[in-house]
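Everything below belongs to input-v7.cif, which stores mmCIF, C-alpha atoms.
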```
data_final
#
loop_
_atom_site.label_atom_id
_atom_site.label_comp_id
_atom_site.auth_asym_id
_atom_site.auth_seq_id
_atom_site.Cartn_x
_atom_site.Cartn_y
_atom_site.Cartn_z
CA MET A 186 6.29 -24.58 25.30
CA LYS A 187 4.07 -26.13 22.71
CA HIS A 188 0.89 -24.38 21.63
CA ARG A 189 -1.45 -24.86 18.65
CA GLY A 190 0.98 -25.84 15.96
CA ARG A 191 -1.03 -24.35 13.14
CA HIS A 192 -0.35 -20.91 14.54
CA ARG A 193 3.30 -21.23 15.46
CA ARG A 194 6.36 -21.72 13.31
CA ARG A 195 9.33 -21.66 15.55
CA ARG A 196 12.33 -20.37 13.70
CA ARG A 197 14.77 -20.24 16.58
CA GLY A 198 17.79 -18.13 16.01
CA ARG A 199 16.00 -16.25 13.28
CA ALA A 200 15.58 -12.56 14.03
CA LEU A 201 14.15 -9.74 12.02
CA ARG A 202 17.11 -8.17 10.15
CA ALA A 203 15.47 -5.26 8.46
CA THR A 204 17.66 -2.20 7.80
CA LEU A 205 16.65 1.29 6.89
CA ALA A 206 17.14 2.52 3.33
CA GLY A 207 19.99 4.99 3.69
CA THR A 208 22.10 5.62 6.74
CA ALA A 209 19.31 6.97 8.97
CA LEU A 210 15.63 7.81 9.10
CA ALA A 211 15.37 11.58 8.73
CA LEU A 212 12.91 12.57 11.41
CA THR A 213 11.99 16.16 11.89
CA ALA A 214 11.40 15.56 15.59
CA ALA A 215 15.03 14.58 16.13
CA ALA A 216 16.04 18.12 15.20
CA THR A 217 13.35 19.85 17.24
CA LEU A 218 14.69 22.49 19.60
CA ILE A 219 13.60 22.14 23.19
CA SER A 220 11.89 25.31 24.38
CA ALA A 221 12.85 27.08 27.58
CA SER A 222 9.63 25.95 29.22
CA GLN A 223 10.78 22.35 28.80
CA ALA A 224 14.17 22.99 30.34
CA THR A 225 13.03 22.40 33.89
CA VAL A 226 14.43 19.01 34.88
CA ALA A 227 12.38 16.97 37.29
CA ASP A 228 14.24 15.59 40.25
CA ALA A 229 15.67 12.15 39.55
CA PRO A 230 13.40 9.49 41.07
CA GLY A 231 16.30 7.55 42.54
CA ALA A 232 16.35 3.81 43.09
CA LEU A 233 13.35 1.52 43.03
CA LYS A 234 12.14 0.66 46.51
CA PRO A 235 11.05 -2.99 47.00
CA ILE A 236 7.77 -3.35 48.84
CA GLY A 237 6.05 -6.33 50.38
CA GLY A 238 3.21 -8.36 48.91
CA SER A 239 0.45 -7.41 51.33
CA ALA A 240 -2.40 -5.14 50.31
CA GLU A 241 -1.11 -2.48 52.71
CA ALA A 242 2.38 -2.58 51.22
CA GLY A 243 1.22 -2.42 47.63
CA GLY A 244 0.46 -5.98 46.59
CA LEU A 245 -2.31 -6.18 44.03
CA PRO A 246 -4.01 -9.62 43.91
CA LEU A 247 -6.19 -10.12 40.84
CA ALA A 248 -9.12 -12.55 40.84
CA GLU A 249 -9.55 -14.43 37.57
CA HIS A 250 -13.01 -14.79 36.01
CA ARG A 251 -13.82 -16.66 32.80
CA VAL A 252 -16.70 -15.93 30.47
CA PRO A 253 -18.70 -19.19 30.39
CA GLU A 254 -17.77 -21.31 27.40
CA ARG A 255 -21.43 -21.74 26.51
CA TRP A 256 -21.75 -17.96 26.14
CA LEU A 257 -18.89 -17.86 23.64
CA ASP A 258 -20.21 -20.90 21.77
CA ARG A 259 -23.67 -19.35 21.57
CA LEU A 260 -22.22 -16.14 20.16
CA ALA A 261 -20.13 -18.05 17.61
CA SER A 262 -23.11 -20.14 16.52
CA SER A 263 -25.02 -16.92 15.77
CA MET A 264 -22.18 -14.92 14.22
CA GLY A 265 -20.37 -17.68 12.39
CA ARG A 266 -17.20 -19.62 12.95
CA PRO A 267 -14.44 -17.48 14.57
CA VAL A 268 -11.38 -16.57 12.52
CA GLY A 269 -7.73 -16.11 13.42
CA VAL A 270 -5.15 -13.37 13.06
CA GLY A 271 -4.08 -14.51 9.58
CA THR A 272 -7.58 -13.99 8.20
CA VAL A 273 -7.71 -10.49 9.67
CA LEU A 274 -4.33 -9.59 8.14
CA ASP A 275 -5.41 -10.92 4.74
CA SER A 276 -8.12 -8.26 4.68
CA ALA A 277 -5.84 -5.37 5.71
CA ASP A 278 -6.95 -2.53 3.43
CA ARG A 279 -5.20 0.52 4.92
CA THR A 280 -1.55 1.55 4.74
CA LEU A 281 0.54 3.32 7.34
CA ARG A 282 2.44 6.30 5.95
CA ASP A 283 6.22 6.33 6.31
CA ALA A 284 7.63 9.12 8.49
CA VAL A 285 8.91 11.04 5.48
CA ASP A 286 5.29 11.44 4.37
CA CYS A 287 3.98 12.48 7.80
CA SER A 288 3.49 16.11 8.73
CA THR A 289 5.89 18.09 10.88
CA ALA A 290 3.21 18.38 13.55
CA GLU A 291 2.76 14.59 13.60
CA LYS A 292 6.51 13.98 13.82
CA HIS A 293 6.84 16.40 16.73
CA ALA A 294 5.45 13.58 18.87
CA LEU A 295 8.54 11.41 18.21
CA PRO A 296 11.43 11.07 20.67
CA VAL A 297 14.22 13.63 20.39
CA GLU A 298 16.93 11.42 21.91
CA PRO A 299 17.43 8.61 21.16
CA ALA A 300 15.77 9.00 17.77
CA ALA A 301 13.33 6.50 16.31
CA THR A 302 14.74 4.26 13.58
CA ARG A 303 11.29 3.27 12.28
CA ALA A 304 8.30 5.58 12.29
CA TYR A 305 4.88 5.61 10.65
CA CYS A 306 1.67 7.59 11.00
CA PHE A 307 -1.99 6.58 10.90
CA GLY A 308 -4.43 8.40 8.68
CA GLY A 309 -6.46 11.23 10.15
CA ALA A 310 -9.77 9.82 8.95
CA ASP A 311 -9.02 6.56 10.77
CA THR A 312 -8.08 8.11 14.09
CA ARG A 313 -9.90 11.44 14.33
CA GLY A 314 -11.80 11.44 17.62
CA TRP A 315 -9.76 8.48 18.91
CA ARG A 316 -6.97 8.57 21.45
CA PRO A 317 -3.83 6.42 20.96
CA GLY A 318 -3.02 3.98 23.73
CA ALA A 319 -1.26 0.66 23.93
CA VAL A 320 1.09 -1.29 21.64
CA THR A 321 2.01 -4.98 21.61
CA THR A 322 3.45 -7.27 18.92
CA SER A 323 3.87 -10.85 17.82
CA GLY A 324 7.27 -10.51 19.53
CA ASP A 325 5.27 -10.66 22.75
CA ALA A 326 3.02 -13.44 21.48
CA ASP A 327 5.79 -15.90 20.64
CA ASP A 328 9.51 -15.97 21.30
CA ASP A 329 10.35 -16.35 17.59
CA GLY A 330 8.60 -13.02 16.93
CA ARG A 331 5.91 -14.50 14.66
CA TRP A 332 2.31 -15.58 14.95
CA GLY A 333 1.76 -18.32 12.44
CA GLY A 334 3.88 -17.08 9.54
CA ASN A 335 3.32 -13.39 10.24
CA ARG A 336 5.02 -10.56 12.06
CA VAL A 337 2.27 -8.44 13.57
CA ILE A 338 1.90 -5.17 15.49
CA LEU A 339 -1.26 -4.37 17.46
CA SER A 340 -2.05 -0.70 18.08
CA GLY A 341 -4.82 0.15 20.56
CA TRP A 342 -7.06 3.23 20.45
CA THR A 343 -9.88 4.59 22.62
CA ARG A 344 -12.69 6.83 21.42
CA GLY A 345 -12.40 10.18 23.16
CA ALA A 346 -10.66 13.52 22.95
CA GLU A 347 -7.91 13.41 20.34
CA GLY A 348 -4.61 14.32 21.90
CA GLY A 349 -5.82 13.43 25.37
CA SER A 350 -5.29 15.38 28.58
CA MET A 351 -2.76 15.66 31.34
CA ASP A 352 -5.28 14.46 33.94
CA GLY A 353 -4.55 10.72 33.71
CA PRO A 354 -4.13 7.82 31.31
CA ALA A 355 -7.38 8.66 29.51
CA PRO A 356 -9.60 11.64 30.18
CA GLU A 357 -12.66 10.30 28.41
CA ARG A 358 -14.15 6.87 28.10
CA GLY A 359 -15.21 5.38 24.85
CA LEU A 360 -15.11 2.35 22.63
CA ALA A 361 -11.79 0.55 22.24
CA LYS A 362 -10.39 -0.70 18.92
CA VAL A 363 -7.19 -2.38 17.80
CA ALA A 364 -5.32 -1.96 14.53
CA PHE A 365 -3.92 -5.28 13.27
CA VAL A 366 -0.77 -4.23 11.41
CA ASP A 367 0.86 -6.64 8.95
CA ALA A 368 4.54 -6.07 9.73
CA ASP A 369 5.99 -8.60 7.29
CA ASP A 370 6.92 -5.73 4.96
CA LEU A 371 7.91 -2.77 7.12
CA GLY A 372 8.49 -0.78 3.95
CA ARG A 373 4.73 -0.70 3.45
CA PRO A 374 2.86 -1.92 6.54
CA ARG A 375 -0.88 -2.51 6.03
CA TYR A 376 -3.57 -2.73 8.69
CA THR A 377 -7.25 -3.14 9.47
CA TRP A 378 -9.38 -2.59 12.58
CA ALA A 379 -11.16 -4.82 15.10
CA LEU A 380 -13.45 -3.63 17.88
CA LEU A 381 -13.09 -4.96 21.44
CA ALA A 382 -16.33 -6.14 23.03
CA VAL A 383 -17.78 -7.91 26.06
CA PRO A 384 -20.43 -10.69 25.73
CA VAL A 385 -23.74 -10.00 27.49
CA ASP A 386 -27.11 -11.72 27.91
CA GLY A 387 -25.63 -15.18 28.08
CA GLY A 388 -23.76 -14.75 24.79
CA ARG A 389 -26.83 -13.61 22.85
CA ASP A 390 -25.30 -10.16 22.33
CA TYR A 391 -22.22 -8.08 23.08
CA ARG A 392 -21.46 -4.49 24.06
CA GLY A 393 -18.43 -2.43 23.21
CA LEU A 394 -15.59 -2.37 25.72
CA VAL A 395 -15.95 1.06 27.30
CA SER A 396 -12.37 1.47 28.37
CA SER A 397 -9.14 3.39 28.43
CA LEU A 398 -6.79 1.20 26.39
CA SER A 399 -3.63 2.42 28.11
CA GLY A 400 -1.93 -0.98 28.35
CA MET A 401 -1.99 -4.16 26.26
CA VAL A 402 -0.04 -7.44 26.12
CA TRP A 403 -0.44 -10.20 23.52
CA TYR A 404 0.96 -13.40 25.02
CA GLN A 405 0.48 -16.77 23.32
CA ASP A 406 -3.15 -16.85 22.15
CA LYS A 407 -4.42 -14.23 24.63
CA LEU A 408 -4.62 -10.45 24.51
CA LEU A 409 -4.75 -8.74 27.91
CA VAL A 410 -5.86 -5.10 28.00
CA THR A 411 -6.22 -2.53 30.77
CA THR A 412 -9.55 -1.00 31.63
CA ARG A 413 -10.83 1.91 33.69
CA GLU A 414 -14.46 0.92 33.69
CA GLY A 415 -16.67 1.59 36.68
CA ASP A 416 -16.61 -2.07 37.72
CA ARG A 417 -13.73 -3.75 39.51
CA ASN A 418 -12.08 -5.28 36.46
CA ALA A 419 -8.39 -4.47 36.07
CA LEU A 420 -7.71 -6.43 32.85
CA TYR A 421 -9.90 -7.93 30.15
CA VAL A 422 -8.79 -11.07 28.32
CA TYR A 423 -9.33 -11.78 24.61
CA ASP A 424 -8.67 -14.96 22.62
CA MET A 425 -6.85 -14.38 19.33
CA ASP A 426 -8.46 -17.53 17.92
CA ARG A 427 -11.95 -16.18 18.68
CA ILE A 428 -12.17 -13.17 16.37
CA GLN A 429 -15.67 -12.77 14.95
CA ARG A 430 -16.74 -11.16 11.69
CA ALA A 431 -19.25 -8.32 11.77
CA THR A 432 -21.99 -8.80 9.16
CA VAL A 433 -23.65 -5.36 9.09
CA ASP A 434 -21.87 -2.06 8.32
CA SER A 435 -23.34 0.15 11.02
CA ASP A 436 -22.21 2.53 13.77
CA ALA A 437 -24.13 0.35 16.21
CA VAL A 438 -22.43 -2.31 18.35
CA GLY A 439 -23.87 -5.78 18.85
CA ARG A 440 -26.95 -7.49 17.46
CA VAL A 441 -28.81 -5.33 14.96
CA ARG A 442 -31.49 -5.88 12.36
CA GLY A 443 -30.01 -8.24 9.79
CA GLY A 444 -26.99 -9.41 11.77
CA TRP A 445 -24.11 -8.07 13.86
CA ALA A 446 -22.38 -4.68 13.90
CA ALA A 447 -19.03 -3.47 15.25
CA HIS A 448 -19.19 0.32 14.89
CA GLY A 449 -18.44 0.03 11.18
CA TYR A 450 -15.45 -2.31 11.51
CA ARG A 451 -15.15 -5.76 9.96
CA TYR A 452 -14.08 -7.66 13.04
CA VAL A 453 -14.90 -7.83 16.72
CA LEU A 454 -13.18 -9.61 19.61
CA PRO A 455 -15.50 -10.76 22.42
CA ALA A 456 -13.82 -10.95 25.83
CA VAL A 457 -13.23 -14.45 27.20
CA GLY A 458 -12.33 -13.43 30.74
CA SER A 459 -11.17 -10.72 33.12
CA TYR A 460 -9.06 -10.08 36.21
CA ALA A 461 -10.86 -8.26 39.01
CA LEU A 462 -9.44 -5.95 41.65
CA PRO A 463 -9.96 -6.58 45.36
CA ALA A 464 -12.64 -4.61 47.18
CA GLY A 465 -11.86 -1.19 48.58
CA ASP A 466 -12.13 2.44 47.57
CA ASP A 467 -8.38 3.08 47.41
CA VAL A 468 -7.29 -0.01 45.50
CA PRO A 469 -4.70 0.94 42.82
CA HIS A 470 -5.57 0.29 39.20
CA PRO A 471 -3.00 -1.00 36.66
CA ALA A 472 -2.69 1.65 33.94
CA ALA A 473 0.26 0.32 31.91
CA VAL A 474 1.38 -3.26 31.26
CA SER A 475 4.06 -5.02 29.22
CA LEU A 476 5.70 -8.42 28.80
CA ASP A 477 9.08 -9.43 30.18
CA ARG A 478 10.66 -12.47 28.48
CA SER A 479 13.88 -12.19 30.50
CA THR A 480 12.30 -13.88 33.55
CA THR A 481 11.48 -17.53 34.22
CA PRO A 482 8.61 -17.98 33.70
CA ASP A 483 7.75 -15.07 31.39
CA SER A 484 6.02 -12.32 33.32
CA LEU A 485 3.66 -9.40 32.96
CA VAL A 486 4.65 -6.10 34.59
CA ALA A 487 2.21 -3.35 35.49
CA SER A 488 2.27 0.19 36.82
CA GLU A 489 -0.38 2.49 38.18
CA TRP A 490 -0.92 6.12 37.28
CA VAL A 491 -0.20 8.65 40.02
CA SER A 492 -0.34 12.39 39.36
CA ALA A 493 2.68 14.59 40.03
CA ASP A 494 0.89 16.46 42.83
CA SER A 495 0.03 13.27 44.73
CA ASP A 496 1.56 12.64 48.14
CA ARG A 497 2.28 8.99 47.40
CA GLN A 498 4.62 7.09 45.10
CA THR A 499 3.83 5.02 42.00
CA ARG A 500 3.67 1.26 42.48
CA LEU A 501 4.99 -1.34 40.04
CA TRP A 502 4.08 -5.03 40.04
CA ARG A 503 5.22 -8.23 38.34
CA TYR A 504 2.97 -11.25 37.75
CA ALA A 505 4.14 -14.68 36.58
CA LEU A 506 2.45 -16.05 33.48
CA SER A 507 1.04 -19.54 33.63
CA ARG A 508 2.83 -22.58 32.22
CA GLU A 509 0.00 -24.97 33.07
CA PRO A 510 -1.67 -26.96 30.27
CA GLY A 511 -4.95 -25.38 29.23
CA ARG A 512 -3.99 -21.95 30.61
CA SER A 513 -2.08 -20.50 27.69
CA GLY A 514 -1.68 -16.75 27.84
CA LEU A 515 -3.14 -16.37 31.35
CA LEU A 516 -1.62 -15.22 34.62
CA ALA A 517 -0.39 -17.86 37.05
CA THR A 518 -2.98 -18.31 39.80
CA GLY A 519 -3.22 -20.24 43.03
CA SER A 520 -5.94 -22.64 44.09
CA SER A 521 -8.18 -19.66 44.90
CA GLY A 522 -8.07 -18.45 41.29
CA ARG A 523 -6.13 -15.36 42.32
CA ALA A 524 -2.96 -13.99 40.69
CA ASP A 525 -0.61 -12.51 43.28
CA PRO A 526 2.39 -10.31 42.41
CA VAL A 527 5.76 -12.03 42.62
CA GLU A 528 7.54 -8.67 42.87
CA ALA A 529 6.53 -5.11 43.76
CA TYR A 530 8.28 -1.74 43.91
CA GLU A 531 7.65 1.92 44.52
CA THR A 532 9.10 4.68 42.36
CA ARG A 533 9.06 8.43 42.78
CA THR A 534 8.35 8.77 39.05
CA ALA A 535 4.86 10.22 38.58
CA ASP A 536 2.56 10.48 35.53
CA VAL A 537 3.71 7.06 34.28
CA ARG A 538 2.25 6.18 30.87
CA GLY A 539 4.38 3.16 29.98
CA VAL A 540 6.45 0.56 31.79
CA LEU A 541 8.94 -2.02 30.53
CA SER A 542 11.11 -4.47 32.41
CA TYR A 543 14.07 -6.35 30.93
CA ARG A 544 16.71 -8.15 32.92
CA SER A 545 17.58 -5.98 35.93
CA HIS A 546 16.27 -2.70 34.52
CA TRP A 547 12.86 -1.03 34.53
CA TYR A 548 12.14 1.57 31.84
CA ILE A 549 9.51 4.05 32.96
CA ASP A 550 7.85 6.47 30.56
CA ARG A 551 6.90 9.72 32.31
CA ALA A 552 4.39 11.95 30.54
CA ALA A 553 5.19 15.51 29.48
CA ASP A 554 4.10 18.23 31.88
CA ARG A 555 2.30 20.15 29.13
CA PRO A 556 0.36 19.08 26.02
CA ALA A 557 3.00 20.18 23.48
CA GLY A 558 5.98 19.00 25.51
CA HIS A 559 8.10 15.88 25.51
CA GLY A 560 8.18 13.19 28.16
CA THR A 561 11.05 11.50 29.97
CA LEU A 562 12.16 7.87 29.70
CA TRP A 563 13.78 6.79 32.97
CA ARG A 564 15.80 3.62 33.42
CA GLN A 565 15.53 2.55 37.03
CA ASP A 566 16.75 -0.30 39.15
CA ARG A 567 17.55 -0.85 42.81
CA ASP A 568 20.73 1.22 42.49
CA GLY A 569 19.40 4.43 40.95
CA ALA A 570 17.86 6.10 37.90
CA ARG A 571 19.11 7.64 34.66
CA ALA A 572 17.48 9.54 31.80
CA THR A 573 18.79 10.82 28.47
CA GLU A 574 19.71 14.51 28.24
CA CYS A 575 19.13 16.50 25.07
CA GLY A 576 19.01 20.06 23.73
CA THR A 577 21.32 22.93 24.53
CA ASP A 578 19.93 23.11 28.06
CA GLU A 579 20.47 19.38 28.66
CA THR A 580 16.84 18.79 29.54
CA ARG A 581 15.76 15.25 30.33
CA GLN A 582 12.45 15.75 28.52
CA CYS A 583 13.66 13.93 25.42
CA TRP A 584 11.09 11.14 24.99
CA SER A 585 7.94 11.15 22.88
CA GLY A 586 5.41 13.94 23.21
CA GLY A 587 2.26 11.99 23.99
CA SER A 588 4.06 9.25 25.88
CA GLY A 589 2.52 5.82 25.44
CA SER A 590 2.99 2.16 26.27
CA LEU A 591 6.24 0.31 25.66
CA SER A 592 6.66 -3.14 24.09
CA TYR A 593 10.00 -4.92 23.64
CA TRP A 594 10.30 -7.21 20.59
CA GLN A 595 13.05 -9.46 21.87
CA ALA A 596 13.67 -11.20 18.54
CA THR A 597 14.57 -7.85 16.90
CA GLY A 598 15.88 -5.94 19.91
CA GLU A 599 13.42 -3.10 19.25
CA VAL A 600 11.11 -1.18 21.56
CA TRP A 601 7.77 -0.20 19.99
CA SER A 602 5.57 2.64 21.17
CA GLN A 603 3.15 5.21 19.80
CA SER A 604 2.55 8.88 20.37
CA GLY A 605 -0.20 10.85 18.70
CA ARG A 606 -0.70 9.30 15.26
CA MET A 607 2.92 8.10 15.19
CA LEU A 608 3.81 4.43 15.63
CA PHE A 609 7.56 4.08 16.10
CA ALA A 610 10.42 1.79 17.10
CA LEU A 611 14.04 2.04 18.14
CA PRO A 612 16.62 -0.45 19.44
CA LEU A 613 16.65 -0.95 23.20
CA ALA A 614 20.44 -0.87 22.84
CA SER A 615 20.24 2.72 21.59
CA VAL A 616 18.25 3.67 24.69
CA ASP A 617 20.92 2.13 26.92
CA ARG A 618 23.74 3.81 24.95
CA ALA A 619 22.05 7.19 25.29
CA LEU A 620 21.85 6.67 29.03
CA GLY A 621 25.58 5.99 29.25
#
```
Taking this structure as input, can you express it in the form of C-alpha cells?
Amino acid sequence: MKHRGRHRRRRRGRALRATLAGTALALTAAATLISASQATVADAPGALKPIGGSAEAGGLPLAEHRVPERWLDRLASSMGRPVGVGTVLDSADRTLRDAVDCSTAEKHALPVEPAATRAYCFGGADTRGWRPGAVTTSGDADDDGRWGGNRVILSGWTRGAEGGSMDGPAPERGLAKVAFVDADDLGRPRYTWALLAVPVDGGRDYRGLVSSLSGMVWYQDKLLVTTREGDRNALYVYDMDRIQRATVDSDAVGRVRGGWAAHGYRYVLPAVGSYALPAGDDVPHPAAVSLDRSTTPDSLVASEWVSADSDRQTRLWRYALSREPGRSGLLATGSSGRADPVEAYETRTADVRGVLSYRSHWYIDRAADRPAGHGTLWRQDRDGARATECGTDETRQCWSGGSGSLSYWQATGEVWSQSGRMLFALPLASVDRALG
C-alpha cells in the first residue's frame, strides 16, 4: 500500500525495542489489595455467538457522507494552509509524568494483573473537568509503527464530569480534544492538544464536536472517532493532513473577532466526513472501536454499550477498510456508499468500554461495577472466554479501574489504553500468558 511518501518511511522489520530501566516498572496499583466488595465474580460470558448481517440479526450498515471539498478549501483559505502531524509534535510543550511521579490515587486506576510495563499520567490542570476516552497510535496508522519519522500516541478526552459515571460510555456531553503525544522518547514523552470540530455554514465557520470520545482509530491519513450526538452519525472522520492552526487564544470555538479560536488550544481538526446510522429508534450505536491488522484487508472492529441490567446481549461488528485508490483510511463501501459489516457476534459481556480483535481472539474490556473498582478484561472466541484472576480471593476484576479503549501496536506487540489520568501499555503476550 503506497500513500503520501512524505509522511511514510517504511522500515519493515524494524520494531520498537525500548526496555524499562531496571527489571520492572514499580507500580503501586500492581500491589493493590482487592477489597471484599470486588470479590464477586461475574458469570463467564462464554463463547461468542455469530449473528447474521441483517438489521434484525445485528448488522449495522453505515452510510458514508463526505464534507464537500469546497467547504474544507474555504475554511483553509480563511485559516491558513493546513499543517500535518509533524508540525503539531514540534510544538509539544507539555510532558507526561512517569508512573513513579504519579500519585497513589492516580496509579490505582492501573491494571492489577497483568501489570502495565509503561505508565504515565497527565497533569491535573490539563485534564480537570475532562473525561478520558479513546487511545490510538501511529502503530494503527501505518504498519511500520511510524507516521513520517515519528512514533505517536493520540489520547482522546471529552469535557464532562471527571471520573465519569457507571451509566454508559459518557454521562455528559462536551467538547472533544486529542492529545498528540510524541512517543519517540518514551523516557520523556511530550504532548500538545488539538480540538475536534465540525465545519458549518459552508465552511465559513466550525463548531466543536459535541461528543463522547469513547472510541478512536487512526488509520492511514484518517482519524475515525465515535460520537453520541443527537443526530444519526456513528463515526466522524478527520484528515491528519488537514490540521488547522487557531489564531486567537480564547475559550470560544470557531470564528471570533480577529481570527479563529479552539477553546484555548493551538490546533483544531475540522471533520471531513461521517458515517451515519440507519433510521430507527432502536438502532445500536458503536461505543468502542479499534483496528485489527491481522485480517486481509485490515479491518475496524466495533462494539456497542449495553448495561448489565439489560435483557439483551452486546453486539460486536467488523468492517473492512478500503484498499481503493483515493479512499485511504476509509471503510470499504459498496456502490450505494454504505459500509456493511463483514462479521458480527453477540457476547454476554455487558458494560463494554473497549474492544480489540487480533487473529482469532477478541479482547473485551468490561467496566468495573463501582466507581473505585477494577474492570475485567475477557478474551473471547467461538470456543469460550477467559479472564485473569488476581488477589487472594481470585477475583476476575483485575483490569484497569476506569476501563477505556484498547489499541494494539503491532510493531511493538503492546496494547495501549488509558484509565483516569493514566496512559499505559503492556505486551499483548503478557495478557495471553496471564490467561493461561
For Asp617 of chain A: contacts at 12 Å, only C-alpha atoms, fewer than 3 positions along chain excluded, given as a CSV table (one decimal) with C-alpha atoms, keeping the file's coordinate frame:
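Contents of the output file part.csv:
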```csv
chain,number,residue,atom,x,y,z
A,298,GLU,CA,16.9,11.4,21.9
A,299,PRO,CA,17.4,8.6,21.2
A,543,TYR,CA,14.1,-6.4,30.9
A,546,HIS,CA,16.3,-2.7,34.5
A,547,TRP,CA,12.9,-1.0,34.5
A,548,TYR,CA,12.1,1.6,31.8
A,562,LEU,CA,12.2,7.9,29.7
A,563,TRP,CA,13.8,6.8,33.0
A,564,ARG,CA,15.8,3.6,33.4
A,565,GLN,CA,15.5,2.6,37.0
A,571,ARG,CA,19.1,7.6,34.7
A,572,ALA,CA,17.5,9.5,31.8
A,573,THR,CA,18.8,10.8,28.5
A,598,GLY,CA,15.9,-5.9,19.9
A,599,GLU,CA,13.4,-3.1,19.2
A,600,VAL,CA,11.1,-1.2,21.6
A,611,LEU,CA,14.0,2.0,18.1
A,612,PRO,CA,16.6,-0.4,19.4
A,613,LEU,CA,16.6,-1.0,23.2
A,614,ALA,CA,20.4,-0.9,22.8
A,620,LEU,CA,21.8,6.7,29.0
A,621,GLY,CA,25.6,6.0,29.2
```
Can you pull out the residues contacting segment 258-263 of chain A? Cut-off 7 Å, using all atoms listed in the file, and skip same-chain residues under 3 positions away; I want them as a short mmCIF file (atom, residue, chain, number, x, y, z; two decimals) with C-alpha atoms, keeping the file's coordinate frame.
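Just written: part-v6.cif:
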```cif
data_model
loop_
_atom_site.label_atom_id
_atom_site.label_comp_id
_atom_site.auth_asym_id
_atom_site.auth_seq_id
_atom_site.Cartn_x
_atom_site.Cartn_y
_atom_site.Cartn_z
CA GLU A 254 -17.77 -21.31 27.40
CA ARG A 255 -21.43 -21.74 26.51
CA ARG A 266 -17.20 -19.62 12.95
CA PRO A 267 -14.44 -17.48 14.57
CA GLY A 388 -23.76 -14.75 24.79
CA ARG A 389 -26.83 -13.61 22.85
#
```
From the options A:Ser507, A:Ser590, A:Ser492, A:Thr499, which residue's atoms come nearest to Ser602 of chain A, counting only C-alpha atoms?
A:Ser590
Figure out the distance between atom CA of Val363 of chain A and atom CA of Pro317 of chain A, please, to one decimal in Å.
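The value is 9.9 Å.
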The PyMOL selection byres ((chain A and resi 460) around 6) resolved against shown file, as a list of chain:residue names:
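Given this file, the PyMOL selection byres ((chain A and resi 460) around 6) evaluates to A:Leu247, A:Ala248, A:Glu249, A:Asn418, A:Ala419, A:Leu420, A:Ser459, A:Ala461.
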